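The next block holds one structure in the form of structure tokens; read it before the comments.
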Amino acid sequence: MRPIALSALYFSTQFFFVYITMKRGYNFHGKTYTKIYYIWYNIKHRCYKKVNKNYKDYGGRGIIMQEDWINDLFKFEEYIESLNGYSSELVGNGGISLDRIDNDGNYEEGNLRWASEQTQKRNRRIPCTNKTGFMGVSFHKLAKKYRARITVDKREIYLGIKETAIEAYQLRIDYIKKHNLKEFKI
């Protein structure tokens, strides 16, 4: 039996690892520990992996990722870095994060922006516990009427109480218009 040099053994195991990895369809992009990779990976998992704890809020609602981004981190990275407001220093760290403009829309060109946490909190769908169908409107059991509220700069503001949910929602709309709160959905 012929002795094998240690370097040859190392090379053959490295080659085998690379071969198996490429056979399984993995990419060597060198970006595994970057913020952009983390964003891309988490979007994919929320949209396509049923075991992900957030799948029901994304993939379960039919939200998907633009097809050519699913397996191409570089195309995804190129697009999101070209968006207004991008700054690598602000990504994560409580600065900015990727936001879908239409909360019911997909992760695709034209529906993404960089936004602050405060802007993202305003861009939410109506919670499933809300029985009125209007954001910021709830039924007050004691008064047997509908009340309107809004949260601005981490302060909840009571807007009033009305007979119907539509009237209470109108209070919210009027407040948004009066105070020029463009980030809020109407």
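Labels used: A, B, ... for chains in the order of the structure tokens, numbers from 1 for residues in each chain, and numbers from 1 for ligands as shown.
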
Nearby residues (only C-alpha atoms) at most 12 Å from His140 of chain A, same-chain spacing under 3 positions excluded, as a PDB file with C-alpha atoms, in the first residue's frame:
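Result file selection-v3.pdb:
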ATOM      1  CA  LYS A 131     -63.696  42.611  14.537  1.00  0.00           C
ATOM      2  CA  THR A 132     -64.621  46.048  13.120  1.00  0.00           C
ATOM      3  CA  VAL A 137     -61.286  51.173  15.683  1.00  0.00           C
ATOM      4  CA  ALA A 143     -70.510  52.080  26.144  1.00  0.00           C
ATOM      5  CA  LYS A 144     -71.771  49.739  23.412  1.00  0.00           C
ATOM      6  CA  LYS A 145     -70.204  52.084  20.874  1.00  0.00           C
ATOM      7  CA  TYR A 146     -67.104  52.206  18.697  1.00  0.00           C
ATOM      8  CA  ARG A 147     -63.974  54.063  19.743  1.00  0.00           C
ATOM      9  CA  ALA A 148     -61.166  55.388  17.568  1.00  0.00           C
ATOM     10  CA  ARG A 149     -57.493  55.538  18.539  1.00  0.00           C
ATOM     11  CA  GLY A 160     -63.477  59.695  20.384  1.00  0.00           C
ATOM     12  CA  ILE A 161     -66.432  57.370  20.457  1.00  0.00           C
ATOM     13  CA  LYS A 162     -69.214  56.964  17.872  1.00  0.00           C
ATOM     14  CA  GLU A 163     -72.331  54.892  17.226  1.00  0.00           C
ATOM     15  CA  THR A 164     -70.918  53.055  14.205  1.00  0.00           C
ATOM     16  CA  ALA A 165     -67.513  51.707  13.234  1.00  0.00           C
ATOM     17  CA  ALA A 168     -65.273  56.109  14.441  1.00  0.00           C
TER      18      ALA A 168
END

Give me, as a PyMOL selection string, the residues of chain A that a backbone DSSP run labels strand (DSSP E). chain A and resi 96-100+112-116+137-140+145-152+155-162

Those same residues, written as a compact mmCIF listing (two decimals), in the first residue's frame with N, CA, C and O atoms?
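Result file part_34.txt:
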# COMPACT_ATOMS: atom_id res chain seq x y z
N ILE A 96 -32.69 51.07 9.90
CA ILE A 96 -33.69 50.82 8.86
C ILE A 96 -33.75 49.33 8.55
O ILE A 96 -32.81 48.60 8.81
N SER A 97 -34.87 48.91 8.00
CA SER A 97 -34.99 47.54 7.52
C SER A 97 -35.90 47.53 6.30
O SER A 97 -36.58 48.51 6.00
N LEU A 98 -35.89 46.42 5.60
CA LEU A 98 -36.64 46.29 4.37
C LEU A 98 -38.13 46.17 4.68
O LEU A 98 -38.52 45.41 5.56
N ASP A 99 -38.95 46.92 3.96
CA ASP A 99 -40.39 46.97 4.21
C ASP A 99 -41.14 46.82 2.89
O ASP A 99 -40.70 47.35 1.87
N ARG A 100 -42.24 46.08 2.94
CA ARG A 100 -43.11 46.00 1.76
C ARG A 100 -44.08 47.17 1.81
O ARG A 100 -44.77 47.37 2.81
N LEU A 112 -40.84 47.36 -2.50
CA LEU A 112 -39.93 47.36 -1.36
C LEU A 112 -39.35 48.75 -1.15
O LEU A 112 -39.19 49.52 -2.08
N ARG A 113 -39.04 49.03 0.12
CA ARG A 113 -38.40 50.28 0.49
C ARG A 113 -37.64 50.06 1.78
O ARG A 113 -37.89 49.09 2.51
N TRP A 114 -36.71 50.96 2.06
CA TRP A 114 -36.03 50.96 3.35
C TRP A 114 -36.84 51.88 4.25
O TRP A 114 -37.19 52.99 3.87
N ALA A 115 -37.18 51.39 5.44
CA ALA A 115 -38.03 52.17 6.33
C ALA A 115 -37.58 52.04 7.78
O ALA A 115 -37.01 51.02 8.17
N SER A 116 -37.90 53.05 8.56
CA SER A 116 -37.61 53.01 9.99
C SER A 116 -38.62 52.09 10.68
O SER A 116 -39.66 51.76 10.12
N VAL A 137 -59.91 51.10 15.19
CA VAL A 137 -61.29 51.17 15.68
C VAL A 137 -61.62 49.87 16.41
O VAL A 137 -61.37 48.79 15.90
N SER A 138 -62.20 50.00 17.60
CA SER A 138 -62.60 48.82 18.36
C SER A 138 -63.95 49.09 19.02
O SER A 138 -64.39 50.23 19.16
N PHE A 139 -64.60 48.00 19.42
CA PHE A 139 -65.91 48.12 20.07
C PHE A 139 -65.70 48.24 21.58
O PHE A 139 -65.00 47.45 22.19
N HIS A 140 -66.32 49.26 22.16
CA HIS A 140 -66.24 49.49 23.61
C HIS A 140 -67.47 48.83 24.23
O HIS A 140 -68.60 49.28 24.05
N LYS A 145 -70.49 51.22 22.02
CA LYS A 145 -70.20 52.08 20.87
C LYS A 145 -68.79 51.78 20.38
O LYS A 145 -68.07 51.01 20.99
N TYR A 146 -68.42 52.43 19.30
CA TYR A 146 -67.10 52.21 18.70
C TYR A 146 -66.17 53.37 19.04
O TYR A 146 -66.56 54.52 18.97
N ARG A 147 -64.95 53.03 19.42
CA ARG A 147 -63.97 54.06 19.74
C ARG A 147 -62.84 54.05 18.72
O ARG A 147 -62.49 53.01 18.17
N ALA A 148 -62.27 55.23 18.51
CA ALA A 148 -61.17 55.39 17.57
C ALA A 148 -59.93 55.82 18.33
O ALA A 148 -59.99 56.65 19.25
N ARG A 149 -58.79 55.21 17.94
CA ARG A 149 -57.49 55.54 18.54
C ARG A 149 -56.44 55.55 17.45
O ARG A 149 -56.61 54.95 16.39
N ILE A 150 -55.34 56.20 17.77
CA ILE A 150 -54.20 56.21 16.86
C ILE A 150 -52.93 56.33 17.71
O ILE A 150 -52.96 56.97 18.76
N THR A 151 -51.86 55.69 17.28
CA THR A 151 -50.59 55.80 18.00
C THR A 151 -49.62 56.61 17.16
O THR A 151 -49.31 56.25 16.02
N VAL A 152 -49.18 57.72 17.72
CA VAL A 152 -48.24 58.62 17.04
C VAL A 152 -47.06 58.84 17.98
O VAL A 152 -47.25 59.21 19.14
N ARG A 155 -47.14 57.26 21.36
CA ARG A 155 -48.21 57.70 22.26
C ARG A 155 -49.55 57.34 21.66
O ARG A 155 -49.84 57.68 20.51
N GLU A 156 -50.38 56.66 22.44
CA GLU A 156 -51.72 56.34 21.95
C GLU A 156 -52.65 57.52 22.23
O GLU A 156 -52.70 58.03 23.34
N ILE A 157 -53.35 57.95 21.19
CA ILE A 157 -54.24 59.11 21.29
C ILE A 157 -55.67 58.64 21.11
O ILE A 157 -56.01 58.01 20.10
N TYR A 158 -56.49 58.92 22.08
CA TYR A 158 -57.91 58.59 22.03
C TYR A 158 -58.61 59.66 21.20
O TYR A 158 -58.52 60.85 21.50
N LEU A 159 -59.31 59.25 20.14
CA LEU A 159 -59.91 60.21 19.21
C LEU A 159 -61.41 60.44 19.46
O LEU A 159 -61.96 61.42 19.00
N GLY A 160 -62.05 59.51 20.11
CA GLY A 160 -63.48 59.70 20.38
C GLY A 160 -64.26 58.41 20.25
O GLY A 160 -63.70 57.34 19.95
N ILE A 161 -65.55 58.53 20.48
CA ILE A 161 -66.43 57.37 20.46
C ILE A 161 -67.65 57.71 19.61
O ILE A 161 -68.16 58.83 19.66
N LYS A 162 -68.10 56.74 18.80
CA LYS A 162 -69.21 56.96 17.87
C LYS A 162 -70.14 55.75 17.86
O LYS A 162 -69.79 54.67 18.31

Neighbouring residues of Asn103 of chain A were defined as those with any atom within 9 Å, considering only C-alpha atoms; residues of the same chain fewer than 2 positions away were excluded. Please report them as a list in words. Asp99, Arg100, Ile101, Gly105, Asn106, Asn111, Asn123, Arg124 and Arg125 of chain A

Ile43 of chain A environment, 9 Å, only C-alpha atoms, sequence neighbours closer than 2 positions dropped, as an mmCIF file with all heavy atoms, in the first residue's frame:
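Once everything was written out, this is around-v3.cif:
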data_model
loop_
_atom_site.group_PDB
_atom_site.id
_atom_site.type_symbol
_atom_site.label_atom_id
_atom_site.label_comp_id
_atom_site.auth_asym_id
_atom_site.auth_seq_id
_atom_site.Cartn_x
_atom_site.Cartn_y
_atom_site.Cartn_z
ATOM 1 N N TYR A 38 -28.670 37.738 5.459
ATOM 2 C CA TYR A 38 -29.611 37.452 6.544
ATOM 3 C C TYR A 38 -31.034 37.875 6.149
ATOM 4 O O TYR A 38 -31.995 37.140 6.362
ATOM 5 C CB TYR A 38 -29.153 38.181 7.814
ATOM 6 C CG TYR A 38 -30.003 37.929 9.020
ATOM 7 C CD1 TYR A 38 -29.942 36.721 9.705
ATOM 8 C CD2 TYR A 38 -30.882 38.896 9.486
ATOM 9 C CE1 TYR A 38 -30.727 36.477 10.812
ATOM 10 C CE2 TYR A 38 -31.676 38.667 10.594
ATOM 11 C CZ TYR A 38 -31.594 37.465 11.252
ATOM 12 O OH TYR A 38 -32.391 37.235 12.342
ATOM 13 N N ILE A 39 -31.175 39.051 5.533
ATOM 14 C CA ILE A 39 -32.484 39.531 5.071
ATOM 15 C C ILE A 39 -33.041 38.584 4.009
ATOM 16 O O ILE A 39 -34.190 38.151 4.071
ATOM 17 C CB ILE A 39 -32.370 40.972 4.520
ATOM 18 C CG1 ILE A 39 -32.035 41.939 5.655
ATOM 19 C CG2 ILE A 39 -33.649 41.386 3.813
ATOM 20 C CD1 ILE A 39 -31.585 43.315 5.180
ATOM 21 N N TRP A 40 -32.224 38.275 3.005
ATOM 22 C CA TRP A 40 -32.619 37.414 1.887
ATOM 23 C C TRP A 40 -33.036 36.033 2.395
ATOM 24 O O TRP A 40 -34.086 35.508 2.018
ATOM 25 C CB TRP A 40 -31.431 37.326 0.934
ATOM 26 C CG TRP A 40 -31.547 36.430 -0.251
ATOM 27 C CD1 TRP A 40 -32.290 36.641 -1.370
ATOM 28 C CD2 TRP A 40 -30.850 35.192 -0.451
ATOM 29 N NE1 TRP A 40 -32.095 35.613 -2.254
ATOM 30 C CE2 TRP A 40 -31.216 34.706 -1.718
ATOM 31 C CE3 TRP A 40 -29.951 34.457 0.314
ATOM 32 C CZ2 TRP A 40 -30.729 33.519 -2.235
ATOM 33 C CZ3 TRP A 40 -29.452 33.281 -0.204
ATOM 34 C CH2 TRP A 40 -29.842 32.820 -1.464
ATOM 35 N N TYR A 41 -32.227 35.445 3.251
ATOM 36 C CA TYR A 41 -32.488 34.117 3.807
ATOM 37 C C TYR A 41 -33.797 34.102 4.590
ATOM 38 O O TYR A 41 -34.623 33.201 4.441
ATOM 39 C CB TYR A 41 -31.306 33.721 4.697
ATOM 40 C CG TYR A 41 -31.480 32.399 5.402
ATOM 41 C CD1 TYR A 41 -31.121 31.215 4.779
ATOM 42 C CD2 TYR A 41 -32.001 32.337 6.694
ATOM 43 C CE1 TYR A 41 -31.270 29.997 5.428
ATOM 44 C CE2 TYR A 41 -32.156 31.128 7.345
ATOM 45 C CZ TYR A 41 -31.792 29.969 6.708
ATOM 46 O OH TYR A 41 -31.954 28.754 7.347
ATOM 47 N N HIS A 45 -37.305 32.014 3.927
ATOM 48 C CA HIS A 45 -37.858 31.090 4.917
ATOM 49 C C HIS A 45 -39.271 31.473 5.336
ATOM 50 O O HIS A 45 -40.117 30.599 5.505
ATOM 51 C CB HIS A 45 -36.925 30.970 6.125
ATOM 52 C CG HIS A 45 -35.904 29.905 5.908
ATOM 53 N ND1 HIS A 45 -35.969 28.695 6.524
ATOM 54 C CD2 HIS A 45 -34.823 29.852 5.101
ATOM 55 C CE1 HIS A 45 -34.965 27.937 6.113
ATOM 56 N NE2 HIS A 45 -34.247 28.625 5.248
ATOM 57 N N ARG A 46 -39.547 32.756 5.496
ATOM 58 C CA ARG A 46 -40.906 33.176 5.863
ATOM 59 C C ARG A 46 -41.903 32.848 4.757
ATOM 60 O O ARG A 46 -43.067 32.549 5.034
ATOM 61 C CB ARG A 46 -40.948 34.684 6.132
ATOM 62 C CG ARG A 46 -40.313 35.092 7.427
ATOM 63 C CD ARG A 46 -40.649 36.533 7.757
ATOM 64 N NE ARG A 46 -40.212 37.484 6.760
ATOM 65 C CZ ARG A 46 -39.100 38.200 6.831
ATOM 66 N NH1 ARG A 46 -38.282 38.044 7.859
ATOM 67 N NH2 ARG A 46 -38.797 39.066 5.894
ATOM 68 N N CYS A 47 -41.456 32.926 3.512
ATOM 69 C CA CYS A 47 -42.364 32.723 2.379
ATOM 70 C C CYS A 47 -42.515 31.268 1.948
ATOM 71 O O CYS A 47 -43.551 30.900 1.407
ATOM 72 C CB CYS A 47 -41.901 33.544 1.189
ATOM 73 S SG CYS A 47 -42.051 35.325 1.446
ATOM 74 N N TYR A 48 -41.505 30.433 2.146
ATOM 75 C CA TYR A 48 -41.519 29.102 1.544
ATOM 76 C C TYR A 48 -41.374 27.926 2.509
ATOM 77 O O TYR A 48 -41.662 26.799 2.129
ATOM 78 C CB TYR A 48 -40.426 29.005 0.478
ATOM 79 C CG TYR A 48 -40.623 30.003 -0.632
ATOM 80 C CD1 TYR A 48 -39.805 31.128 -0.740
ATOM 81 C CD2 TYR A 48 -41.651 29.851 -1.554
ATOM 82 C CE1 TYR A 48 -40.001 32.056 -1.747
ATOM 83 C CE2 TYR A 48 -41.855 30.780 -2.568
ATOM 84 C CZ TYR A 48 -41.026 31.881 -2.647
ATOM 85 O OH TYR A 48 -41.231 32.800 -3.643
ATOM 86 N N TYR A 58 -46.827 35.063 6.134
ATOM 87 C CA TYR A 58 -46.197 35.387 4.860
ATOM 88 C C TYR A 58 -46.597 34.373 3.797
ATOM 89 O O TYR A 58 -47.542 34.595 3.054
ATOM 90 C CB TYR A 58 -44.672 35.473 5.032
ATOM 91 C CG TYR A 58 -44.274 36.636 5.913
ATOM 92 C CD1 TYR A 58 -44.206 36.509 7.302
ATOM 93 C CD2 TYR A 58 -43.993 37.874 5.364
ATOM 94 C CE1 TYR A 58 -43.872 37.580 8.106
ATOM 95 C CE2 TYR A 58 -43.646 38.956 6.160
ATOM 96 C CZ TYR A 58 -43.595 38.801 7.528
ATOM 97 O OH TYR A 58 -43.269 39.866 8.322
ATOM 98 N N ILE A 64 -44.971 35.900 -1.718
ATOM 99 C CA ILE A 64 -43.815 35.207 -2.286
ATOM 100 C C ILE A 64 -42.696 36.204 -2.582
ATOM 101 O O ILE A 64 -42.884 37.406 -2.489
ATOM 102 C CB ILE A 64 -44.191 34.444 -3.577
ATOM 103 C CG1 ILE A 64 -44.745 35.401 -4.633
ATOM 104 C CG2 ILE A 64 -45.160 33.322 -3.276
ATOM 105 C CD1 ILE A 64 -44.954 34.781 -5.988
ATOM 106 N N MET A 65 -41.560 35.661 -2.968
ATOM 107 C CA MET A 65 -40.404 36.473 -3.348
ATOM 108 C C MET A 65 -40.312 36.480 -4.866
ATOM 109 O O MET A 65 -40.646 35.481 -5.513
ATOM 110 C CB MET A 65 -39.140 35.857 -2.743
ATOM 111 C CG MET A 65 -37.873 36.613 -3.001
ATOM 112 S SD MET A 65 -36.457 35.719 -2.298
ATOM 113 C CE MET A 65 -35.774 36.980 -1.268
ATOM 114 N N TYR A 107 -42.653 40.272 -2.079
ATOM 115 C CA TYR A 107 -41.302 40.820 -2.052
ATOM 116 C C TYR A 107 -40.853 40.888 -3.503
ATOM 117 O O TYR A 107 -40.391 39.898 -4.069
ATOM 118 C CB TYR A 107 -40.364 39.918 -1.247
ATOM 119 C CG TYR A 107 -40.590 39.989 0.241
ATOM 120 C CD1 TYR A 107 -41.382 39.053 0.891
ATOM 121 C CD2 TYR A 107 -40.001 40.996 0.997
ATOM 122 C CE1 TYR A 107 -41.584 39.122 2.260
ATOM 123 C CE2 TYR A 107 -40.197 41.072 2.363
ATOM 124 C CZ TYR A 107 -40.989 40.132 2.982
ATOM 125 O OH TYR A 107 -41.190 40.201 4.345
#

Which is closest to Leu90 of chain A among A:Asp72, A:Glu78, A:Glu117, A:Asp102, if we use only C-alpha atoms? A:Glu117

Could you check which of A:Leu171, A:Asn42, A:Tyr79, A:Lys121 is closest to Tyr55 of chain A, using only C-alpha atoms? A:Asn42

If you count only C-alpha atoms, which residues fall within 9 Å of Leu73 of chain A, apart from same-chain ones fewer than 2 positions away, as an MDAnalysis selection string? chainID A and resid 29 31 36:37 40:41 69:71 75:78

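You can rank A:Gln118, A:Lys141, A:Gln170, A:Thr129 by their closest distance to Asp153 of chain A using only C-alpha atoms, and at the top of that list sits A:Gln118.
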
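Take atom CA of Leu83 of chain A and atom CA of Glu109 of chain A: the distance between them is 9.8 Å.
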
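For the pair atom CA of Leu181 of chain A and atom CA of Asn130 of chain A, the separation is 22.3 Å.
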